[in-house]
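Participant: I'd like to ask you about the structure that follows.
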Amino acid sequence: MSNLSRRKLIATGLAATAGVSGLGAAASFAQKHGLIPPDDRGLYGLGETLTYASHRLLTKHSLAREFPRSMISNPPLANEMPPLKDAFKRLQAGGFADWRLSVEGMVARPASFSLPELKSYPSRSQITQLACEEGWSYIAEWIGVPLSHVLETVGIHPQARYVVYSSIDSDWWDSIDMADALHPQTFLAYGLNGGELPVGNGGPLRMRVPRQLGYKSVKFITRLTVTDNLKGFGKGLGSAAPEGGYAWYAGI
Amino acid sequence: MGDSAFVTSSVSAVPATTVTLRHSGLVRVTHWITALCFLALLVSGFEIVVSHPRFYWGETGNVLTQPLFKLPIPASRSLVPTGYGYVLPDQNGWSRYLHFQAAWIVVLTGLLYAIFGLLTGHFRKNLAPAKDDRSLEAVSVAIAKHLRFERPSRAEAWSYNLLQRITYLMVIFVLFPLVIWTGLAMSPAFVSAVPATVTILGGQQSARTIHFFVSLALLLFLLVHVVMICVAGFGSRMRAMITGHAGTHAGTHAGTPMEGP
């Protein structure tokens with residue numbers, strides 16, 4: 001009996017030690033390989049970290065599902081959105097001729113692009129699904145320039161880890177890691193279903209991240225900031241979404 | 001479990017802690033973690049549904065498309081035409097955080113339980129129906145007995161009857177895997193790596209609809225489970241699942257429990 005409990009005690013001790021050092025090793029492995037999301041603190045940090053880490057290991061290079069043209073939802077849904085600000089309306093009145101996308105931060109050649117400049121780059125299209133966290137979804141053809149092409153043009157520093165992107169409405173900003181930023185389906189989209197991208201769907205320029213939920217595909221993009229640390233942006237949680245109570249990583 | 005080795009020694013010398021337990025420690029711990037997570041998943045899942053209480057079949061669905069059916073409740077987003085003149089407060093943020101955190105904990109707990117169940121023979125001994133019971137006739141007899149509200153025999157405090165076994169096996173090996181599968185099928189990142197998860201189900205909206213119905217089935221199970229526990233004796237069944245000891249108020253604290261079938 002006492003022998004057994006001693007044996008049990010030793011076994012439990014060994015298991016606990018292995019468990020703790022295993023957790024420690026997992027934590028340092030996760031830190032080293034960028035498997036920790038910026039909103040890893042607080043009550044729900046555990047679930048968020050497990051989701052983000054497992055998806056990064058599983059889906060780093062996987063492609064979002066693409067659909068045949070016959071499956072395009074007609075008409076595409078324009079979600080409800082806050083009223084457009086005056087700055088946007090002025091640019092809209094001018095046919096978006098003065099719309100600029102600035103790229104700054106950890107880049108060799110900070111730059112500002114007009115829409116015609118972006119459209120002069122190799123154009124790509126994808127027929128993918130936009131799924132909203134509310135539960136609805138639609139399929140559309142998104143036309144644009146891969147974000148990776150723009151990042152190549154400006155030359156990102158090797159230590160870059162995130163791309164922060166902001167809407168013309170400064171309340172609305174988000175960020176993605178380099179796995180998503182350099183992903184071939186991550187677009188700066190300016191076209192939809194063969195035409196211009198309508199304002200209701202985020203025109204003239206929308207970030208399109210098809211492996212994540214719709215709220216990561218921020219509308220009306222005017223600025224990209226390449227960085228190695230998200231602490232300096234907003235509350236340091238990686239996007240406006242966690243500040244509003246939503247997860248930074250939305251690949252679910 | 002391993003404790004049964006002590007039964008061979010004289011009964012009076014056996015301390016109370018070595019008496020065979022109705023439910024092993026691992027079953028009890030995983031049961032309560034699962035119960036807690038399931039409640040969190042139910043509440044948060046309901047809050048998520050409230051933001052779009054419409055269901056579709058196939059790949060896509062939104063307010064511009066015909067729903068399969070609508071829940072007759074107001075929504076937490078103004079995009080959805082519900083017929084109600086008001087919009088509920090939006091609880092989607094924390095609900096989603098909680099939903100996925102609880103999902104992770106319940107999946108990991110379930111994995112631990114499944115490995116334990118296979119290694120210790122828990123599934124074979126406690127949940128698989130006995131050889132004689134593996135017939136349609138046995139099942140219909142059990143159902144008839146159940147419908148006549150026949151008092152369970154004393155042995156049933158120590159073992160599950162046929163209907164319980166079938167129900168628990170369905171919940172553990174059909175409903176839980178299905179709810180996890182359909183949940184994963186709604187993840188745009190996961191299905192980018194494993195597209196079959198969603199294509200087999202006929203699309204992302206089909207997955208969402210099935211997820212909803214499986215959750216309803218699990219909720220139904222929970223309600224019946226709780227009602228049956230009250231019928232069978234709330235105190236004794238709760239004590240058995242918390243302390244491991246089945247209530248044996250009549251008679252001595254040891255002895256009788258060993259006579260389970």
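Here's how to read the names in the structure tokens: chain A, B, ... by the order shown, residue numbers from 1 in each chain, ligand numbers from 1 in the order shown.
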Write down as a PyMOL selection string the residues of range 76-225 of chain B whose backbone DSSP state falls under alpha helix (DSSP H).
Facilitator: chain B and resi 92-120+122+136-147+162-170+176-184+188-193+196-199+204-225
Participant: Export C-alpha atoms of the chosen residues as a short mmCIF file (atom, residue, chain, number, x, y, z; two decimals), in the first residue's frame?
Facilitator:
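The file below, again-v5.cif, is the result:
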data_model
loop_
_atom_site.label_atom_id
_atom_site.label_comp_id
_atom_site.auth_asym_id
_atom_site.auth_seq_id
_atom_site.Cartn_x
_atom_site.Cartn_y
_atom_site.Cartn_z
CA ASN B 92 -21.12 38.35 -30.62
CA GLY B 93 -17.58 39.34 -29.57
CA TRP B 94 -17.25 37.65 -26.19
CA SER B 95 -19.61 34.89 -27.33
CA ARG B 96 -17.23 33.93 -30.11
CA TYR B 97 -14.17 34.11 -27.85
CA LEU B 98 -15.96 31.93 -25.26
CA HIS B 99 -17.35 29.53 -27.87
CA PHE B 100 -13.93 28.66 -29.31
CA GLN B 101 -12.19 28.54 -25.94
CA ALA B 102 -14.85 26.17 -24.56
CA ALA B 103 -14.64 24.16 -27.80
CA TRP B 104 -10.89 23.71 -27.36
CA ILE B 105 -11.24 22.63 -23.74
CA VAL B 106 -14.07 20.19 -24.48
CA VAL B 107 -12.23 18.70 -27.48
CA LEU B 108 -9.04 18.16 -25.48
CA THR B 109 -11.06 16.75 -22.57
CA GLY B 110 -12.95 14.49 -24.94
CA LEU B 111 -9.68 13.26 -26.42
CA LEU B 112 -8.35 12.43 -22.96
CA TYR B 113 -11.63 10.64 -22.15
CA ALA B 114 -11.59 8.68 -25.41
CA ILE B 115 -8.00 7.50 -24.91
CA PHE B 116 -8.79 6.59 -21.30
CA GLY B 117 -12.00 4.85 -22.34
CA LEU B 118 -10.21 2.70 -24.88
CA LEU B 119 -7.21 1.87 -22.69
CA THR B 120 -9.17 0.96 -19.55
CA HIS B 122 -14.48 1.79 -20.02
CA LEU B 136 -33.64 -5.23 -31.92
CA GLU B 137 -35.83 -7.31 -29.64
CA ALA B 138 -33.80 -6.45 -26.56
CA VAL B 139 -33.94 -2.79 -27.48
CA SER B 140 -37.72 -2.82 -27.97
CA VAL B 141 -38.22 -4.65 -24.69
CA ALA B 142 -36.08 -2.02 -22.95
CA ILE B 143 -38.05 0.79 -24.59
CA ALA B 144 -41.36 -0.79 -23.59
CA LYS B 145 -40.15 -1.17 -20.00
CA HIS B 146 -38.99 2.40 -20.00
CA LEU B 147 -42.32 3.65 -21.36
CA LEU B 162 -29.46 -0.74 -22.34
CA LEU B 163 -31.14 2.54 -23.31
CA GLN B 164 -28.62 4.56 -21.34
CA ARG B 165 -25.77 2.72 -23.02
CA ILE B 166 -27.15 3.35 -26.48
CA THR B 167 -27.82 7.01 -25.71
CA TYR B 168 -24.39 7.67 -24.22
CA LEU B 169 -22.66 5.91 -27.12
CA MET B 170 -24.66 8.04 -29.57
CA PHE B 176 -20.02 15.17 -30.35
CA PRO B 177 -17.85 14.20 -33.37
CA LEU B 178 -20.52 15.61 -35.68
CA VAL B 179 -20.77 18.93 -33.86
CA ILE B 180 -16.96 19.26 -33.89
CA TRP B 181 -16.79 18.35 -37.58
CA THR B 182 -19.51 20.80 -38.63
CA GLY B 183 -17.88 23.47 -36.47
CA LEU B 184 -14.54 22.99 -38.23
CA PRO B 188 -12.34 29.32 -43.67
CA ALA B 189 -8.74 28.59 -42.65
CA PHE B 190 -9.30 24.98 -41.61
CA VAL B 191 -11.20 24.12 -44.80
CA SER B 192 -8.44 25.73 -46.87
CA ALA B 193 -6.21 22.94 -45.54
CA ALA B 196 -13.35 17.80 -47.78
CA THR B 197 -14.45 18.80 -44.27
CA VAL B 198 -17.00 21.13 -45.84
CA THR B 199 -17.52 19.79 -49.38
CA GLN B 204 -20.51 26.02 -45.53
CA GLN B 205 -24.15 26.98 -44.91
CA SER B 206 -25.18 23.31 -44.80
CA ALA B 207 -22.47 22.80 -42.18
CA ARG B 208 -23.90 25.69 -40.14
CA THR B 209 -27.43 24.27 -40.36
CA ILE B 210 -26.30 20.76 -39.36
CA HIS B 211 -24.25 22.28 -36.52
CA PHE B 212 -27.44 23.93 -35.28
CA PHE B 213 -29.50 20.73 -35.37
CA VAL B 214 -26.81 18.61 -33.72
CA SER B 215 -26.58 21.25 -30.99
CA LEU B 216 -30.35 20.97 -30.55
CA ALA B 217 -30.03 17.18 -30.27
CA LEU B 218 -27.32 17.64 -27.62
CA LEU B 219 -29.53 20.12 -25.79
CA LEU B 220 -32.38 17.61 -25.88
CA PHE B 221 -30.02 14.98 -24.47
CA LEU B 222 -28.99 17.36 -21.69
CA LEU B 223 -32.62 18.06 -20.72
CA VAL B 224 -33.61 14.37 -20.71
CA HIS B 225 -30.38 13.51 -18.86
#
Participant: Return as a count of residues only the residues belonging to chain A that are within 8 Å of chain B, counting only C-alpha atoms.
Facilitator: 35
Participant: Hey, what does DSSP flag as strand (DSSP E or B) within range 35-226 of chain A? Can you give it to me as a PDB file with C-alpha atoms, in the first residue's frame?
Facilitator:
ATOM      1  CA  ARG A 100      -3.795  57.174 -52.431  1.00  0.00           C
ATOM      2  CA  LEU A 101      -2.422  54.102 -50.727  1.00  0.00           C
ATOM      3  CA  SER A 102       0.623  54.907 -48.615  1.00  0.00           C
ATOM      4  CA  VAL A 103       3.059  52.169 -47.589  1.00  0.00           C
ATOM      5  CA  GLU A 104       5.360  52.896 -44.674  1.00  0.00           C
ATOM      6  CA  GLY A 105       7.151  51.310 -41.713  1.00  0.00           C
ATOM      7  CA  VAL A 107      10.180  49.055 -45.890  1.00  0.00           C
ATOM      8  CA  ALA A 111       5.749  54.907 -51.256  1.00  0.00           C
ATOM      9  CA  SER A 112       2.314  56.179 -52.099  1.00  0.00           C
ATOM     10  CA  PHE A 113       0.291  54.610 -54.893  1.00  0.00           C
ATOM     11  CA  SER A 114      -2.630  55.913 -56.920  1.00  0.00           C
ATOM     12  CA  ARG A 124      -5.189  38.635 -60.371  1.00  0.00           C
ATOM     13  CA  SER A 125      -8.662  37.358 -59.684  1.00  0.00           C
ATOM     14  CA  GLN A 126     -10.147  34.770 -57.367  1.00  0.00           C
ATOM     15  CA  ILE A 127     -13.677  33.442 -56.916  1.00  0.00           C
ATOM     16  CA  THR A 128     -13.848  32.986 -53.169  1.00  0.00           C
ATOM     17  CA  GLN A 129     -16.360  33.108 -50.380  1.00  0.00           C
ATOM     18  CA  LEU A 130     -16.729  35.984 -47.978  1.00  0.00           C
ATOM     19  CA  ALA A 131     -18.062  34.599 -44.696  1.00  0.00           C
ATOM     20  CA  SER A 137     -21.831  34.393 -46.699  1.00  0.00           C
ATOM     21  CA  TYR A 138     -21.552  35.107 -50.417  1.00  0.00           C
ATOM     22  CA  ILE A 139     -19.270  34.106 -53.255  1.00  0.00           C
ATOM     23  CA  ALA A 140     -17.791  36.734 -55.566  1.00  0.00           C
ATOM     24  CA  GLU A 141     -14.976  37.222 -58.021  1.00  0.00           C
ATOM     25  CA  TRP A 142     -12.424  39.538 -56.460  1.00  0.00           C
ATOM     26  CA  ILE A 143      -9.985  41.338 -58.751  1.00  0.00           C
ATOM     27  CA  GLY A 144      -6.888  43.103 -57.519  1.00  0.00           C
ATOM     28  CA  VAL A 145      -3.162  43.089 -57.031  1.00  0.00           C
ATOM     29  CA  PRO A 146      -1.685  40.547 -54.621  1.00  0.00           C
ATOM     30  CA  ILE A 156      10.144  44.862 -46.745  1.00  0.00           C
ATOM     31  CA  TYR A 162       2.987  42.065 -39.568  1.00  0.00           C
ATOM     32  CA  VAL A 163       1.258  44.316 -42.062  1.00  0.00           C
ATOM     33  CA  VAL A 164      -1.100  46.825 -40.445  1.00  0.00           C
ATOM     34  CA  TYR A 165      -3.779  48.181 -42.802  1.00  0.00           C
ATOM     35  CA  SER A 166      -6.045  51.122 -42.194  1.00  0.00           C
ATOM     36  CA  SER A 167      -9.287  52.319 -43.651  1.00  0.00           C
ATOM     37  CA  TRP A 173      -7.834  49.140 -38.944  1.00  0.00           C
ATOM     38  CA  ASP A 174      -6.479  45.631 -38.744  1.00  0.00           C
ATOM     39  CA  SER A 175      -3.325  43.587 -39.227  1.00  0.00           C
ATOM     40  CA  ILE A 176      -2.214  40.211 -40.548  1.00  0.00           C
ATOM     41  CA  ASP A 177       0.975  38.233 -40.060  1.00  0.00           C
ATOM     42  CA  PHE A 187      -5.315  40.955 -52.454  1.00  0.00           C
ATOM     43  CA  LEU A 188      -5.660  44.672 -52.502  1.00  0.00           C
ATOM     44  CA  ALA A 189      -8.956  44.322 -54.354  1.00  0.00           C
ATOM     45  CA  TYR A 190     -10.296  47.003 -56.700  1.00  0.00           C
ATOM     46  CA  GLY A 191     -12.697  44.932 -58.823  1.00  0.00           C
ATOM     47  CA  LEU A 192     -15.706  42.709 -58.245  1.00  0.00           C
ATOM     48  CA  GLY A 195     -16.448  45.453 -62.825  1.00  0.00           C
ATOM     49  CA  GLU A 196     -15.261  48.149 -60.454  1.00  0.00           C
ATOM     50  CA  ARG A 206     -10.411  46.725 -50.092  1.00  0.00           C
ATOM     51  CA  MET A 207      -8.088  44.307 -48.347  1.00  0.00           C
ATOM     52  CA  ARG A 208      -9.171  40.779 -49.190  1.00  0.00           C
ATOM     53  CA  ILE A 221      -7.805  50.999 -47.541  1.00  0.00           C
ATOM     54  CA  THR A 222      -5.511  54.047 -47.555  1.00  0.00           C
ATOM     55  CA  ARG A 223      -2.469  52.997 -45.530  1.00  0.00           C
ATOM     56  CA  LEU A 224      -0.224  49.984 -45.003  1.00  0.00           C
ATOM     57  CA  THR A 225       2.364  49.907 -42.224  1.00  0.00           C
ATOM     58  CA  VAL A 226       4.911  47.088 -42.116  1.00  0.00           C
TER      59      VAL A 226
END
Participant: Select from range 42-84 of chain B every residue with an atom at most 12 Å from any atom of range 31-37 of chain B, then for each give the shortest pair of atoms and their distance in Å to one decimal, using only C-alpha atoms, rows by chain and rising number, as a tab-separated table.
Facilitator:
residue	atom	partner	partner_atom	distance
B:Leu42	CA	B:Cys37	CA	8.5
B:Val43	CA	B:Cys37	CA	10.0
B:Ser44	CA	B:Cys37	CA	10.4
B:Gly45	CA	B:Cys37	CA	11.5
Participant: Take the residues just selected and output them with N, CA and C atoms as a short mmCIF file (atom, residue, chain, number, x, y, z; two decimals), in the first residue's frame.
Facilitator:
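The new file again20.cif reads:
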data_model
loop_
_atom_site.label_atom_id
_atom_site.label_comp_id
_atom_site.auth_asym_id
_atom_site.auth_seq_id
_atom_site.Cartn_x
_atom_site.Cartn_y
_atom_site.Cartn_z
N LEU B 42 -23.44 26.33 -25.38
CA LEU B 42 -24.86 26.56 -25.64
C LEU B 42 -25.21 28.04 -25.59
N VAL B 43 -24.79 28.68 -24.49
CA VAL B 43 -25.12 30.10 -24.29
C VAL B 43 -24.46 30.94 -25.38
N SER B 44 -23.16 30.72 -25.61
CA SER B 44 -22.45 31.53 -26.61
C SER B 44 -22.95 31.20 -28.01
N GLY B 45 -23.25 29.93 -28.25
CA GLY B 45 -23.78 29.53 -29.56
C GLY B 45 -25.10 30.20 -29.84
#
Participant: Choose the residue, out of A:Phe29, A:Trp172, A:Phe233, A:Tyr52, that has the smallest atom-to-atom separation from Ser217 in chain A; count only C-alpha atoms.
Facilitator: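 Smallest separation from Ser217 in chain A among the options: A:Trp172.
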Participant: Would you mind telling me which residue in B:Leu201, B:Gly233, B:Gln66, B:Ala157 lies nearest to Leu21 in chain B when using only C-alpha atoms?
Facilitator: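 Smallest separation from Leu21 in chain B among the options: B:Ala157.
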Participant: Looking at B:Trp158, B:Pro67, B:Val231, B:Ile200, which one is nearest to Gly244 in chain B, with distances taken over only C-alpha atoms?
Facilitator: B:Trp158
Participant: From the set A:Leu84, A:Met71, A:Ala93, A:Leu237, which residue has the shortest atom-to-atom contact distance to Ile36 in chain A, counting only C-alpha atoms?
Facilitator: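 Among the listed residues, A:Leu237 lies closest to Ile36 in chain A.
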Participant: To one decimal in Å, tell me the separation between CA of Gly83 in chain B and CA of Leu68 in chain B.
Facilitator: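 CA of Leu68 in chain B lies 17.0 Å from CA of Gly83 in chain B.
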Participant: What's around Gly155 in chain A at 10 Å? Count only C-alpha atoms, leave out sequence neighbours fewer than 6 positions away in its own chain, and write the answer as a compact mmCIF listing (two decimals) with C-alpha atoms, in the first residue's frame.
Facilitator:
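What landed in around-v5.txt:
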# COMPACT_ATOMS: atom_id res chain seq x y z
CA MET A 106 9.79 48.62 -42.17
CA VAL A 107 10.18 49.05 -45.89
CA ALA A 108 13.20 50.00 -47.99
CA ARG A 109 11.27 52.46 -50.18
CA PRO A 110 8.20 54.02 -48.52
CA HIS A 149 3.45 42.26 -55.11
Participant: Let me make sure I understand: among A:Leu9, A:Asn229, A:Lys219, A:Asn74, which one has the smallest atom-to-atom distance to Asp169 in chain A if we use only C-alpha atoms?
Facilitator: A:Lys219
Participant: Quick one: of A:Asn193, A:Gln159, A:Thr12, A:Thr186, who's nearest to Asp228 in chain A, counting only C-alpha atoms?
Facilitator: A:Gln159
Participant: If you measure from CA of Leu115 in chain A to CA of Tyr249 in chain A, what distance in Å do you get, rounded to one decimal?
Facilitator: 28.4 Å
Participant: I'd like the contact shell of Lys60 in chain A - 8 Å cut-off, only C-alpha atoms, skipping same-chain residues fewer than 4 positions apart - returned as a ChimeraX atom specification.
Facilitator: /A:55-56,179-180
